[in-house]
file structure_34.txt (compact mmCIF, C-alpha atoms and all ligand atoms)
# COMPACT_ATOMS: atom_id res chain seq x y z
CA MET X 1 -34.78 -110.79 171.02
CA ALA X 2 -36.70 -107.57 171.46
CA LYS X 3 -36.08 -106.81 175.09
CA GLN X 4 -33.01 -104.73 175.98
CA LEU X 5 -31.38 -105.36 179.29
CA PRO X 6 -31.01 -102.37 181.61
CA LYS X 7 -27.60 -101.46 182.97
CA GLU X 8 -28.77 -102.50 186.40
CA TYR X 9 -29.05 -106.10 185.16
CA TYR X 10 -25.30 -106.27 184.64
CA VAL X 11 -24.51 -104.62 187.97
CA LYS X 12 -26.72 -107.02 189.89
CA LEU X 13 -25.43 -110.00 187.95
CA GLU X 14 -21.83 -109.09 188.63
CA ALA X 15 -22.57 -108.75 192.36
CA ILE X 16 -23.88 -112.32 192.29
CA GLN X 17 -20.91 -113.52 190.25
CA ALA X 18 -18.57 -111.95 192.82
CA ILE X 19 -20.23 -113.64 195.81
CA ASP X 20 -20.48 -116.98 194.02
CA PHE X 21 -16.83 -116.66 193.09
CA VAL X 22 -15.86 -116.21 196.75
CA ILE X 23 -17.94 -119.29 197.54
CA TYR X 24 -16.13 -121.28 194.84
CA GLU X 25 -12.73 -120.21 196.15
CA LEU X 26 -13.74 -121.16 199.70
CA VAL X 27 -15.01 -124.54 198.51
CA LEU X 28 -11.71 -125.39 196.79
CA TYR X 29 -9.81 -124.18 199.86
CA LEU X 30 -11.99 -126.26 202.18
CA ASP X 31 -11.57 -129.33 199.97
CA THR X 32 -7.93 -129.38 201.09
CA HIS X 33 -8.39 -127.65 204.50
CA GLN X 34 -11.34 -129.56 205.85
CA ASP X 35 -10.80 -128.57 209.50
CA ASP X 36 -10.79 -124.79 209.05
CA ALA X 37 -13.83 -123.73 211.11
CA GLN X 38 -13.40 -120.07 210.22
CA ALA X 39 -13.53 -120.81 206.49
CA ILE X 40 -16.68 -122.89 207.00
CA GLN X 41 -18.21 -119.96 208.83
CA GLN X 42 -17.28 -117.63 206.00
CA TYR X 43 -18.70 -120.09 203.48
CA ASN X 44 -22.03 -120.16 205.31
CA TYR X 45 -22.16 -116.38 205.47
CA TYR X 46 -21.62 -116.01 201.71
CA ALA X 47 -23.94 -118.91 200.87
CA ALA X 48 -26.81 -117.16 202.67
CA TYR X 49 -25.89 -113.83 201.08
CA SER X 50 -25.79 -115.37 197.59
CA ASN X 51 -29.24 -116.85 198.14
CA ARG X 52 -30.65 -113.43 199.03
CA LEU X 53 -29.08 -111.74 196.01
CA LYS X 54 -30.32 -114.44 193.64
CA THR X 55 -33.86 -114.41 195.01
CA ASP X 56 -33.95 -110.66 194.44
CA PHE X 57 -32.45 -110.96 190.92
CA GLU X 58 -34.83 -113.75 189.91
CA ALA X 59 -37.85 -111.67 190.90
CA CYS X 60 -36.73 -108.97 188.42
CA TYR X 61 -35.12 -110.91 185.57
CA GLY X 62 -36.30 -114.51 185.73
CA PRO X 63 -34.75 -117.72 186.96
CA LEU X 64 -31.02 -118.18 187.49
CA ARG X 65 -31.13 -121.44 189.42
CA PHE X 66 -32.48 -124.76 188.21
CA GLY X 67 -35.37 -126.22 190.18
CA MET X 68 -36.35 -123.16 192.20
CA PRO X 69 -39.98 -122.02 192.61
CA VAL X 70 -41.06 -119.73 189.75
CA GLN X 71 -43.98 -117.36 189.20
CA GLU X 72 -47.31 -119.16 188.74
CA GLN X 73 -48.26 -117.51 185.46
CA PRO X 74 -46.93 -118.65 182.10
CA PRO X 75 -44.76 -118.23 180.13
CA TRP X 76 -42.17 -120.70 181.37
CA ALA X 77 -39.39 -118.20 182.02
CA TRP X 78 -36.56 -120.72 182.47
CA ALA X 79 -36.50 -121.47 178.74
CA GLU X 80 -36.58 -117.82 177.72
CA ALA X 81 -33.66 -115.83 176.34
CA PRO X 82 -31.30 -114.35 177.12
CA TRP X 83 -28.90 -117.20 177.76
CA PRO X 84 -25.61 -116.47 179.52
CA TRP X 85 -23.50 -116.23 176.35
CA GLN X 86 -25.99 -113.82 174.75
CA VAL X 87 -25.93 -111.02 177.30
CA MET B 1 4.17 -103.72 187.76
CA SER B 2 7.11 -103.83 185.39
CA GLN B 3 8.35 -107.24 184.37
CA GLN B 4 11.68 -106.58 186.10
CA GLN B 5 10.09 -106.18 189.54
CA ASN B 6 7.60 -109.03 189.25
CA PRO B 7 8.62 -111.68 191.81
CA PHE B 8 7.02 -114.39 189.62
CA ARG B 9 9.27 -113.92 186.57
CA ARG B 10 12.64 -115.51 185.79
CA TYR B 11 15.04 -114.95 182.91
CA TYR B 12 17.62 -116.83 180.94
CA LEU B 13 19.83 -115.81 178.07
CA PRO B 14 19.82 -118.31 175.20
CA PHE B 15 23.24 -119.14 173.74
CA ARG B 16 23.91 -117.07 170.64
CA GLY B 17 25.50 -118.86 167.70
CA ARG B 18 27.52 -117.06 165.08
CA PHE B 19 25.04 -117.98 162.35
CA ASP B 20 21.75 -117.10 164.08
CA PRO B 21 19.80 -115.28 161.36
CA CYS B 22 17.63 -112.94 163.46
CA PRO B 23 18.61 -110.12 165.77
CA PRO B 24 18.59 -111.40 169.36
CA LEU B 25 15.41 -111.03 171.38
CA GLY B 26 17.43 -110.58 174.53
CA PRO B 27 16.70 -112.39 177.78
CA LYS B 28 13.89 -114.94 177.54
CA VAL B 29 11.34 -114.54 180.32
CA PHE B 30 9.32 -117.31 181.93
CA VAL B 31 6.75 -117.43 184.67
CA VAL B 32 7.22 -119.10 188.04
CA PRO B 33 3.67 -118.71 189.37
CA PRO B 34 2.94 -118.21 193.09
CA ASN B 35 1.73 -121.79 193.52
CA VAL B 36 5.18 -123.12 192.65
CA LEU B 37 6.74 -121.05 195.44
CA THR B 38 4.09 -121.96 198.05
CA GLY B 39 3.67 -125.14 200.05
CA PHE B 40 0.40 -126.04 201.75
CA GLN B 41 -1.64 -122.83 202.05
CA PRO B 42 -1.38 -121.61 205.67
CA PRO B 43 -4.49 -120.48 207.58
CA ASP B 44 -5.49 -116.79 207.63
CA TYR B 45 -4.18 -115.95 204.17
CA PRO B 46 -5.12 -112.36 203.27
CA GLN B 47 -8.20 -112.09 201.07
CA PHE B 48 -9.48 -109.66 198.43
CA PRO B 49 -13.01 -108.29 198.90
CA PRO B 50 -15.56 -110.13 196.69
CA LEU B 51 -15.70 -107.85 193.61
CA GLU B 52 -11.95 -107.45 193.53
CA ALA B 53 -11.51 -111.20 193.99
CA LEU B 54 -13.72 -111.82 190.96
CA GLN B 55 -11.80 -109.31 188.86
CA LYS B 56 -8.45 -110.77 189.87
CA GLY B 57 -9.49 -114.41 189.54
CA THR B 58 -8.59 -115.38 193.09
CA LEU B 59 -9.77 -114.71 196.63
CA TRP B 60 -6.24 -115.03 197.99
CA GLU B 61 -3.89 -112.05 197.67
CA PRO B 62 -0.61 -114.02 197.74
CA PHE B 63 -1.75 -116.18 194.81
CA PHE B 64 -2.49 -113.29 192.48
CA ASP B 65 -0.19 -112.85 189.50
CA TYR B 66 -1.15 -110.30 186.83
CA TYR B 67 0.03 -111.33 183.39
CA GLU B 68 1.03 -108.87 180.69
CA SER B 69 2.75 -109.87 177.48
CA PRO B 70 6.49 -109.21 177.82
CA TYR B 71 6.48 -108.23 174.12
CA ARG B 72 3.86 -105.50 174.57
CA LYS B 73 5.41 -102.06 174.61
CA MET F 1 -25.80 -135.16 188.86
CA TRP F 2 -25.33 -131.62 187.69
CA SER F 3 -27.76 -128.77 187.38
CA TYR F 4 -27.36 -125.65 185.34
CA GLU F 5 -27.17 -122.10 186.61
CA LYS F 6 -28.18 -119.52 184.04
CA LYS F 7 -25.15 -117.27 184.37
CA LEU F 8 -21.48 -117.20 183.45
CA MET F 9 -18.82 -117.62 186.12
CA TYR F 10 -17.29 -114.29 185.06
CA PRO F 11 -18.69 -111.39 183.00
CA VAL F 12 -17.17 -112.08 179.58
CA LYS F 13 -16.71 -109.07 177.31
CA VAL F 14 -15.19 -108.64 173.87
CA SER F 15 -14.50 -105.16 172.50
CA THR F 16 -13.26 -105.62 168.93
CA CYS F 17 -14.74 -107.50 165.99
CA ASN F 18 -11.73 -109.71 165.31
CA PRO F 19 -12.69 -113.30 164.41
CA THR F 20 -9.00 -114.29 164.24
CA LEU F 21 -9.05 -114.27 168.04
CA ALA F 22 -11.85 -116.89 167.91
CA LYS F 23 -9.48 -119.18 166.04
CA TYR F 24 -6.83 -118.82 168.75
CA LEU F 25 -9.41 -119.39 171.49
CA MET F 26 -10.30 -122.77 169.99
CA GLU F 27 -7.03 -124.00 171.51
CA GLN F 28 -8.69 -123.68 174.92
CA TYR F 29 -12.00 -125.09 173.66
CA GLY F 30 -11.01 -128.37 172.02
CA GLY F 31 -7.21 -128.36 172.40
CA ALA F 32 -4.95 -130.72 174.33
CA ASP F 33 -4.65 -128.44 177.36
CA GLY F 34 -8.05 -126.84 176.97
CA GLU F 35 -11.02 -126.61 179.28
CA LEU F 36 -12.87 -129.60 177.82
CA ALA F 37 -9.83 -131.81 178.35
CA ALA F 38 -9.47 -130.47 181.90
CA ALA F 39 -13.10 -131.12 182.86
CA LEU F 40 -13.12 -134.63 181.41
CA ARG F 41 -9.74 -135.50 182.92
CA TYR F 42 -10.61 -134.58 186.52
CA LEU F 43 -14.15 -135.87 186.54
CA ASN F 44 -12.99 -139.20 185.15
CA GLN F 45 -10.04 -139.61 187.53
CA ARG F 46 -12.18 -139.15 190.63
CA TYR F 47 -13.44 -142.76 190.55
CA THR F 48 -9.99 -144.13 191.31
CA ILE F 49 -8.50 -141.70 193.81
CA PRO F 50 -8.49 -141.66 197.64
CA ASP F 51 -11.75 -140.38 199.13
CA LYS F 52 -10.22 -137.32 200.70
CA VAL F 53 -9.46 -135.70 197.33
CA ILE F 54 -12.58 -136.77 195.38
CA GLY F 55 -14.32 -133.56 196.45
CA LEU F 56 -11.51 -131.46 195.03
CA LEU F 57 -11.50 -133.28 191.67
CA THR F 58 -15.28 -132.97 191.46
CA ASP F 59 -15.28 -129.25 192.23
CA ILE F 60 -12.37 -128.32 189.96
CA GLY F 61 -13.78 -130.52 187.17
CA THR F 62 -17.10 -128.75 187.49
CA GLU F 63 -15.43 -125.34 187.42
CA GLU F 64 -13.68 -126.32 184.17
CA PHE F 65 -17.08 -126.66 182.51
CA ALA F 66 -17.86 -123.10 183.61
CA HIS F 67 -14.57 -122.06 181.98
CA LEU F 68 -15.50 -123.96 178.81
CA GLU F 69 -18.73 -121.96 178.72
CA MET F 70 -16.73 -118.72 179.03
CA ILE F 71 -14.46 -119.70 176.12
CA ALA F 72 -17.52 -120.70 174.09
CA THR F 73 -19.03 -117.29 174.86
CA MET F 74 -15.90 -115.52 173.62
CA ILE F 75 -15.85 -117.56 170.38
CA TYR F 76 -19.58 -117.07 169.93
CA LYS F 77 -19.36 -113.30 170.32
CA LEU F 78 -16.41 -113.09 167.92
CA THR F 79 -18.04 -115.17 165.18
CA LYS F 80 -21.81 -114.68 165.39
CA ASP F 81 -21.87 -111.59 163.16
CA ALA F 82 -18.90 -112.47 160.96
CA THR F 83 -19.49 -112.86 157.23
CA PRO F 84 -17.93 -115.78 155.30
CA ASP F 85 -15.41 -113.25 153.94
CA GLN F 86 -14.40 -112.13 157.41
CA LEU F 87 -14.09 -115.73 158.55
CA ARG F 88 -11.87 -116.51 155.57
CA GLU F 89 -9.64 -113.54 156.38
CA ALA F 90 -9.45 -114.84 159.94
CA GLY F 91 -8.16 -118.18 158.69
CA LEU F 92 -11.48 -119.85 159.46
CA ALA F 93 -12.56 -120.76 155.92
CA GLU F 94 -11.78 -124.43 156.58
CA HIS F 95 -13.82 -124.27 159.75
CA TYR F 96 -16.64 -122.53 157.89
CA VAL F 97 -16.99 -125.06 155.10
CA SER F 98 -17.54 -127.81 157.62
CA HIS F 99 -19.35 -126.02 160.43
CA ASP F 100 -20.58 -122.59 159.32
CA SER F 101 -20.14 -120.60 162.51
CA ALA F 102 -20.99 -123.53 164.77
CA LEU F 103 -18.55 -124.19 167.57
CA PHE F 104 -16.65 -127.44 167.34
CA TYR F 105 -14.23 -129.23 169.62
CA ASN F 106 -11.02 -128.67 167.73
CA ASN F 107 -7.84 -126.79 168.49
CA ALA F 108 -6.54 -123.58 166.91
CA ALA F 109 -5.05 -125.58 164.03
CA GLY F 110 -8.38 -127.35 163.38
CA VAL F 111 -7.35 -130.70 164.84
CA PRO F 112 -10.39 -132.40 166.40
CA PHE F 113 -10.45 -133.21 170.10
CA THR F 114 -9.34 -136.69 171.08
CA ALA F 115 -9.56 -138.59 174.36
CA SER F 116 -5.85 -139.32 174.06
CA TYR F 117 -5.21 -135.75 175.24
CA ILE F 118 -6.07 -136.94 178.74
CA GLN F 119 -4.71 -139.64 180.99
CA ALA F 120 -6.11 -141.88 183.70
CA LYS F 121 -3.38 -144.04 185.12
CA GLY F 122 -5.27 -145.20 188.20
CA ASP F 123 -2.20 -144.29 190.23
CA PRO F 124 -3.12 -141.34 192.47
CA ILE F 125 0.31 -139.70 192.39
CA ALA F 126 0.70 -140.14 188.63
CA ASP F 127 -2.79 -138.75 188.02
CA LEU F 128 -2.41 -135.75 190.33
CA TYR F 129 0.98 -134.91 188.84
CA GLU F 130 -0.63 -135.03 185.42
CA ASP F 131 -3.29 -132.64 186.71
CA ILE F 132 -0.69 -130.19 188.03
CA ALA F 133 1.12 -130.30 184.68
CA ALA F 134 -2.18 -129.81 182.84
CA GLU F 135 -2.88 -126.67 184.88
CA GLU F 136 0.56 -125.23 184.16
CA LYS F 137 0.14 -125.99 180.45
CA ALA F 138 -3.28 -124.32 180.42
CA ARG F 139 -1.78 -121.30 182.22
CA ALA F 140 0.97 -121.07 179.60
CA THR F 141 -1.57 -121.39 176.76
CA TYR F 142 -3.54 -118.45 178.19
CA GLN F 143 -0.30 -116.45 178.28
CA TRP F 144 0.42 -117.15 174.62
CA ILE F 145 -3.15 -116.21 173.63
CA ILE F 146 -2.87 -112.96 175.60
CA ASP F 147 0.44 -112.31 173.79
CA GLN F 148 -1.42 -112.63 170.47
CA SER F 149 -4.47 -110.58 171.46
CA ASP F 150 -4.79 -106.83 171.67
CA ASP F 151 -8.42 -106.82 172.80
CA PRO F 152 -8.39 -105.42 176.36
CA ASP F 153 -11.80 -106.83 177.34
CA LEU F 154 -11.03 -110.26 175.97
CA ASN F 155 -7.68 -110.26 177.75
CA ASP F 156 -9.45 -109.38 180.99
CA GLY F 157 -11.47 -112.61 180.75
CA LEU F 158 -8.37 -114.58 179.70
CA ARG F 159 -6.44 -113.24 182.71
CA PHE F 160 -9.23 -114.46 184.97
CA LEU F 161 -9.00 -117.93 183.44
CA ARG F 162 -5.21 -117.93 183.67
CA GLU F 163 -5.34 -117.05 187.36
CA ARG F 164 -7.75 -119.94 187.95
CA GLU F 165 -5.11 -122.34 186.63
CA ILE F 166 -2.74 -121.05 189.31
CA ILE F 167 -5.27 -121.78 192.04
CA HIS F 168 -6.09 -125.20 190.62
CA ALA F 169 -2.40 -126.15 190.45
CA GLN F 170 -2.02 -125.04 194.07
CA ARG F 171 -4.95 -127.21 195.19
CA PHE F 172 -3.70 -130.25 193.25
CA LYS F 173 -0.31 -129.82 194.92
CA GLU F 174 -2.08 -129.77 198.29
CA ALA F 175 -3.96 -132.91 197.25
CA VAL F 176 -0.63 -134.67 196.65
CA MET F 177 0.52 -133.58 200.12
CA LEU F 178 -2.75 -134.77 201.68
CA ILE F 179 -2.59 -138.26 200.25
CA SER F 180 1.16 -138.58 200.84
CA ASP F 181 0.82 -137.71 204.51
CA ASP F 182 0.75 -140.95 206.54
CA ARG F 183 -0.32 -139.42 209.85
CA ASP F 184 -3.80 -140.92 209.82
CA GLN F 185 -2.99 -144.11 207.93
CA LYS F 186 -3.59 -146.25 211.05
CA LYS F 187 -7.07 -144.99 211.86
CA VAL F 188 -8.28 -145.42 208.26
CA PHE F 189 -7.67 -149.16 208.07
FE FE T 1 -8.04 -125.48 185.62

call {"tool": "encode", "arguments": {"input": "structure_34.txt", "output": "structure tokens"}}
result
Amino acid sequence: MAKQLPKEYYVKLEAIQAIDFVIYELVLYLDTHQDDAQAIQQYNYYAAYSNRLKTDFEACYGPLRFGMPVQEQPPWAWAEAPWPWQV
Amino acid sequence: MSQQQNPFRRYYLPFRGRFDPCPPLGPKVFVVPPNVLTGFQPPDYPQFPPLEALQKGTLWEPFFDYYESPYRK
Amino acid sequence: MWSYEKKLMYPVKVSTCNPTLAKYLMEQYGGADGELAAALRYLNQRYTIPDKVIGLLTDIGTEEFAHLEMIATMIYKLTKDATPDQLREAGLAEHYVSHDSALFYNNAAGVPFTASYIQAKGDPIADLYEDIAAEEKARATYQWIIDQSDDPDLNDGLRFLREREIIHAQRFKEAVMLISDDRDQKKVF
């Protein structure tokens, strides 16, 4: 793989990992606390925030999420390296 | 945090026989993680901010337990 | 169904070229209390458990696959540039002659994964208690790997995974409380 990833890639990726982690923790909490309106509110806030961060990241570094719209021009970026264990 | 102050550590002293070949290790430590000491999680548990939550492995402050090897000096 | 997201759950880093650590990590890849066993156990049990905890089993089971990918990443990084000599010194010669540096579902001693590591009793309490025990065993395994490892970056990732076991055990305990509570028994049937 010829392309080197800039430092910014890792910073942006970690920001997404942090927000998605909060979402995961809230999901597990809500699975056993299904009537906590405040946690649902928090979940929605972070879900929208995660979507914004990922849309921004994908515009720079290619797709993160399966099945999202991609740029019209080939190549098919989803199948391109780097894969998560390679970075 | 030193192992002695960690609220999630317990100790026992194994019986020492007269013919034990090795020098004693001293008290044997084991972990009693926060989940064992907690019932149903109450509402409004304090939370870490997102980046810190990721680094610690939990969103919930009272459930965090940092592990360091008790044998590491 | 599941769909893939092209990122790790946590930024995995490894600082030293020490393939011996890869051998230890295999315990959490294809071992009895490893991440594969965890994912398969929870996702399989969810078909015979009360509705109100199916979501929890699904979500924790799914997270376990993200953990499996983190362990795979650690093993991959520790072995991808290792020569056959280095792998032999790391105690991985037996692994090498069968797999080269391919990952395989076996434990640290090279014993292949077996479905008998996991249980499905069809009894919700028995199954959830098994899940709580599995989480505590996985937590302990992470502790023993951290005890054997002096790689600070690797240990950082292992501490993350260990902490997750604490949260999972907590949620499974809550699941037991939820299904044991008879307050809304009347309105369900
Ligand atoms: Fe787990």

call {"tool": "closest_residue", "arguments": {"input": "structure_34.txt", "among": "B:Val32, B:Pro14, B:Gly26, B:Gly57", "to": "ligand FE 1 (chain T)", "atoms": "all atoms listed in the file"}}
result
B:Gly57

call {"tool": "residues_around", "arguments": {"input": "structure_34.txt", "residues": "Tyr12 in chain B", "least_positions_apart": "3", "cutoff": "7 Å", "atoms": "all atoms listed in the file", "output": "PyMOL selection string"}}
result
chain B and resi 27-29

call {"tool": "atom_distance", "arguments": {"input": "structure_34.txt", "atom1": "CA of Gln47 in chain B", "atom2": "CA of Leu59 in chain B"}}
result
5.4 Å

call {"tool": "residues_near_ligand", "arguments": {"input": "structure_34.txt", "ligand": "ligand FE 1 (chain T)", "cutoff": "8 Å", "atoms": "all atoms listed in the file", "output": "PyMOL selection string"}}
result
chain F and resi 35+38+60-61+63-64+134-135+138+161+164-169

call {"tool": "closest_residue", "arguments": {"input": "structure_34.txt", "among": "X:Glu25, X:Asp31, X:Asp56, X:Glu8", "to": "chain F", "atoms": "all atoms listed in the file"}}
result
X:Asp31

call {"tool": "axis_aligned_box", "arguments": {"input": "structure_34.txt", "around": "range 8-20 of chain B", "padding_each_side": "8 Å", "output": "JSON"}}
result
{"center_x": 17.3, "center_y": -116.5, "center_z": 176.0, "size_x": 36.5, "size_y": 21.2, "size_z": 43.3}

call {"tool": "closest_atom_pairs", "arguments": {"input": "structure_34.txt", "of": "chain X", "to": "chain F", "cutoff": "8 Å", "atoms": "only C-alpha atoms", "output": "JSON lines"}}
result
{"residue": "X:Glu14", "atom": "CA", "partner": "F:Pro11", "partner_atom": "CA", "distance": 6.8}
{"residue": "X:Gln17", "atom": "CA", "partner": "F:Met9", "partner_atom": "CA", "distance": 6.2}
{"residue": "X:Phe21", "atom": "CA", "partner": "F:Met9", "partner_atom": "CA", "distance": 7.3}
{"residue": "X:Val27", "atom": "CA", "partner": "F:Asp59", "partner_atom": "CA", "distance": 7.9}
{"residue": "X:Leu28", "atom": "CA", "partner": "F:Leu56", "partner_atom": "CA", "distance": 6.3}
{"residue": "X:Tyr29", "atom": "CA", "partner": "F:Arg171", "partner_atom": "CA", "distance": 7.4}
{"residue": "X:Asp31", "atom": "CA", "partner": "F:Leu56", "partner_atom": "CA", "distance": 5.4}
{"residue": "X:Thr32", "atom": "CA", "partner": "F:Glu174", "partner_atom": "CA", "distance": 6.5}
{"residue": "X:Pro63", "atom": "CA", "partner": "F:Lys6", "partner_atom": "CA", "distance": 7.4}
{"residue": "X:Leu64", "atom": "CA", "partner": "F:Lys6", "partner_atom": "CA", "distance": 4.7}
{"residue": "X:Arg65", "atom": "CA", "partner": "F:Glu5", "partner_atom": "CA", "distance": 4.9}
{"residue": "X:Phe66", "atom": "CA", "partner": "F:Tyr4", "partner_atom": "CA", "distance": 5.9}
{"residue": "X:Trp83", "atom": "CA", "partner": "F:Lys6", "partner_atom": "CA", "distance": 6.7}
{"residue": "X:Pro84", "atom": "CA", "partner": "F:Lys7", "partner_atom": "CA", "distance": 4.9}
{"residue": "X:Trp85", "atom": "CA", "partner": "F:Thr73", "partner_atom": "CA", "distance": 4.8}
{"residue": "X:Gln86", "atom": "CA", "partner": "F:Thr73", "partner_atom": "CA", "distance": 7.8}

call {"tool": "residues_around", "arguments": {"input": "structure_34.txt", "residues": "Gly62 in chain X", "least_positions_apart": "5", "cutoff": "9 Å", "atoms": "all atoms listed in the file", "output": "PDB file with C-alpha atoms, keeping the file's coordinate frame"}}
result
ATOM      1  CA  PHE X  57     -32.450-110.960 190.920  1.00  0.00           C
ATOM      2  CA  VAL X  70     -41.060-119.730 189.750  1.00  0.00           C
ATOM      3  CA  GLN X  71     -43.980-117.360 189.200  1.00  0.00           C
ATOM      4  CA  ALA X  77     -39.390-118.200 182.020  1.00  0.00           C
ATOM      5  CA  TRP X  78     -36.560-120.720 182.470  1.00  0.00           C
ATOM      6  CA  GLU X  80     -36.580-117.820 177.720  1.00  0.00           C
TER       7      GLU X  80
END

call {"tool": "atom_distance", "arguments": {"input": "structure_34.txt", "atom1": "CA of Asp44 in chain B", "atom2": "CA of Phe160 in chain F"}}
result
23.1 Å

call {"tool": "interface_residues", "arguments": {"input": "structure_34.txt", "of": "chain X", "to": "chain B", "cutoff": "12 Å", "atoms": "only C-alpha atoms", "output": "number ranges by chain"}}
result
X: 11-30, 32-39, 42, 46, 49-50

call {"tool": "write_last_selection", "arguments": {"input": "structure_34.txt", "atoms": "C-alpha atoms", "output": "mmCIF file, in the frame of the given file"}}
result
data_model
loop_
_atom_site.group_PDB
_atom_site.id
_atom_site.type_symbol
_atom_site.label_atom_id
_atom_site.label_comp_id
_atom_site.auth_asym_id
_atom_site.auth_seq_id
_atom_site.Cartn_x
_atom_site.Cartn_y
_atom_site.Cartn_z
ATOM 1 C CA VAL X 11 -24.510 -104.620 187.970
ATOM 2 C CA LYS X 12 -26.720 -107.020 189.890
ATOM 3 C CA LEU X 13 -25.430 -110.000 187.950
ATOM 4 C CA GLU X 14 -21.830 -109.090 188.630
ATOM 5 C CA ALA X 15 -22.570 -108.750 192.360
ATOM 6 C CA ILE X 16 -23.880 -112.320 192.290
ATOM 7 C CA GLN X 17 -20.910 -113.520 190.250
ATOM 8 C CA ALA X 18 -18.570 -111.950 192.820
ATOM 9 C CA ILE X 19 -20.230 -113.640 195.810
ATOM 10 C CA ASP X 20 -20.480 -116.980 194.020
ATOM 11 C CA PHE X 21 -16.830 -116.660 193.090
ATOM 12 C CA VAL X 22 -15.860 -116.210 196.750
ATOM 13 C CA ILE X 23 -17.940 -119.290 197.540
ATOM 14 C CA TYR X 24 -16.130 -121.280 194.840
ATOM 15 C CA GLU X 25 -12.730 -120.210 196.150
ATOM 16 C CA LEU X 26 -13.740 -121.160 199.700
ATOM 17 C CA VAL X 27 -15.010 -124.540 198.510
ATOM 18 C CA LEU X 28 -11.710 -125.390 196.790
ATOM 19 C CA TYR X 29 -9.810 -124.180 199.860
ATOM 20 C CA LEU X 30 -11.990 -126.260 202.180
ATOM 21 C CA THR X 32 -7.930 -129.380 201.090
ATOM 22 C CA HIS X 33 -8.390 -127.650 204.500
ATOM 23 C CA GLN X 34 -11.340 -129.560 205.850
ATOM 24 C CA ASP X 35 -10.800 -128.570 209.500
ATOM 25 C CA ASP X 36 -10.790 -124.790 209.050
ATOM 26 C CA ALA X 37 -13.830 -123.730 211.110
ATOM 27 C CA GLN X 38 -13.400 -120.070 210.220
ATOM 28 C CA ALA X 39 -13.530 -120.810 206.490
ATOM 29 C CA GLN X 42 -17.280 -117.630 206.000
ATOM 30 C CA TYR X 46 -21.620 -116.010 201.710
ATOM 31 C CA TYR X 49 -25.890 -113.830 201.080
ATOM 32 C CA SER X 50 -25.790 -115.370 197.590
#

call {"tool": "closest_residue", "arguments": {"input": "structure_34.txt", "among": "B:Asn35, B:Phe15, B:Pro62, B:Lys73", "to": "chain F", "atoms": "only C-alpha atoms"}}
result
B:Asn35

call {"tool": "residues_around", "arguments": {"input": "structure_34.txt", "residues": "Asp85 in chain F", "least_positions_apart": "6", "cutoff": "12 Å", "atoms": "only C-alpha atoms", "output": "PyMOL selection string"}}
result
chain F and resi 19+79+91-93+96-97+100

call {"tool": "interface_residues", "arguments": {"input": "structure_34.txt", "of": "chain B", "to": "chain F", "cutoff": "9 Å", "atoms": "only C-alpha atoms", "output": "PyMOL selection string"}}
result
chain B and resi 31+33-36+38-41+54-58+63-72

call {"tool": "write_last_selection", "arguments": {"input": "structure_34.txt", "atoms": "C-alpha atoms", "output": "short mmCIF file (atom, residue, chain, number, x, y, z; two decimals), in the coordinates of the input"}}
result
data_model
loop_
_atom_site.label_atom_id
_atom_site.label_comp_id
_atom_site.auth_asym_id
_atom_site.auth_seq_id
_atom_site.Cartn_x
_atom_site.Cartn_y
_atom_site.Cartn_z
CA VAL B 31 6.75 -117.43 184.67
CA PRO B 33 3.67 -118.71 189.37
CA PRO B 34 2.94 -118.21 193.09
CA ASN B 35 1.73 -121.79 193.52
CA VAL B 36 5.18 -123.12 192.65
CA THR B 38 4.09 -121.96 198.05
CA GLY B 39 3.67 -125.14 200.05
CA PHE B 40 0.40 -126.04 201.75
CA GLN B 41 -1.64 -122.83 202.05
CA LEU B 54 -13.72 -111.82 190.96
CA GLN B 55 -11.80 -109.31 188.86
CA LYS B 56 -8.45 -110.77 189.87
CA GLY B 57 -9.49 -114.41 189.54
CA THR B 58 -8.59 -115.38 193.09
CA PHE B 63 -1.75 -116.18 194.81
CA PHE B 64 -2.49 -113.29 192.48
CA ASP B 65 -0.19 -112.85 189.50
CA TYR B 66 -1.15 -110.30 186.83
CA TYR B 67 0.03 -111.33 183.39
CA GLU B 68 1.03 -108.87 180.69
CA SER B 69 2.75 -109.87 177.48
CA PRO B 70 6.49 -109.21 177.82
CA TYR B 71 6.48 -108.23 174.12
CA ARG B 72 3.86 -105.50 174.57
#

call {"tool": "atom_distance", "arguments": {"input": "structure_34.txt", "atom1": "CA of Lys80 in chain F", "atom2": "CA of His67 in chain F"}}
result
19.5 Å

call {"tool": "build_atoms", "arguments": {"input": "structure_34.txt", "residues": "range 3-8 of chain X", "atoms": "N, CA and C atoms", "output": "mmCIF file, keeping the file's coordinate frame"}}
result
data_model
loop_
_atom_site.group_PDB
_atom_site.id
_atom_site.type_symbol
_atom_site.label_atom_id
_atom_site.label_comp_id
_atom_site.auth_asym_id
_atom_site.auth_seq_id
_atom_site.Cartn_x
_atom_site.Cartn_y
_atom_site.Cartn_z
ATOM 1 N N LYS X 3 -36.321 -107.547 173.846
ATOM 2 C CA LYS X 3 -36.080 -106.810 175.090
ATOM 3 C C LYS X 3 -34.599 -106.455 175.274
ATOM 4 N N GLN X 4 -34.371 -105.215 175.683
ATOM 5 C CA GLN X 4 -33.010 -104.730 175.980
ATOM 6 C C GLN X 4 -32.797 -104.809 177.479
ATOM 7 N N LEU X 5 -31.630 -105.234 177.858
ATOM 8 C CA LEU X 5 -31.380 -105.360 179.290
ATOM 9 C C LEU X 5 -30.898 -104.024 179.862
ATOM 10 N N PRO X 6 -31.465 -103.622 180.992
ATOM 11 C CA PRO X 6 -31.010 -102.370 181.610
ATOM 12 C C PRO X 6 -29.618 -102.547 182.217
ATOM 13 N N LYS X 7 -28.944 -101.437 182.408
ATOM 14 C CA LYS X 7 -27.600 -101.460 182.970
ATOM 15 C C LYS X 7 -27.563 -102.152 184.337
ATOM 16 N N GLU X 8 -28.663 -101.936 185.058
ATOM 17 C CA GLU X 8 -28.770 -102.500 186.400
ATOM 18 C C GLU X 8 -28.659 -104.036 186.394
#
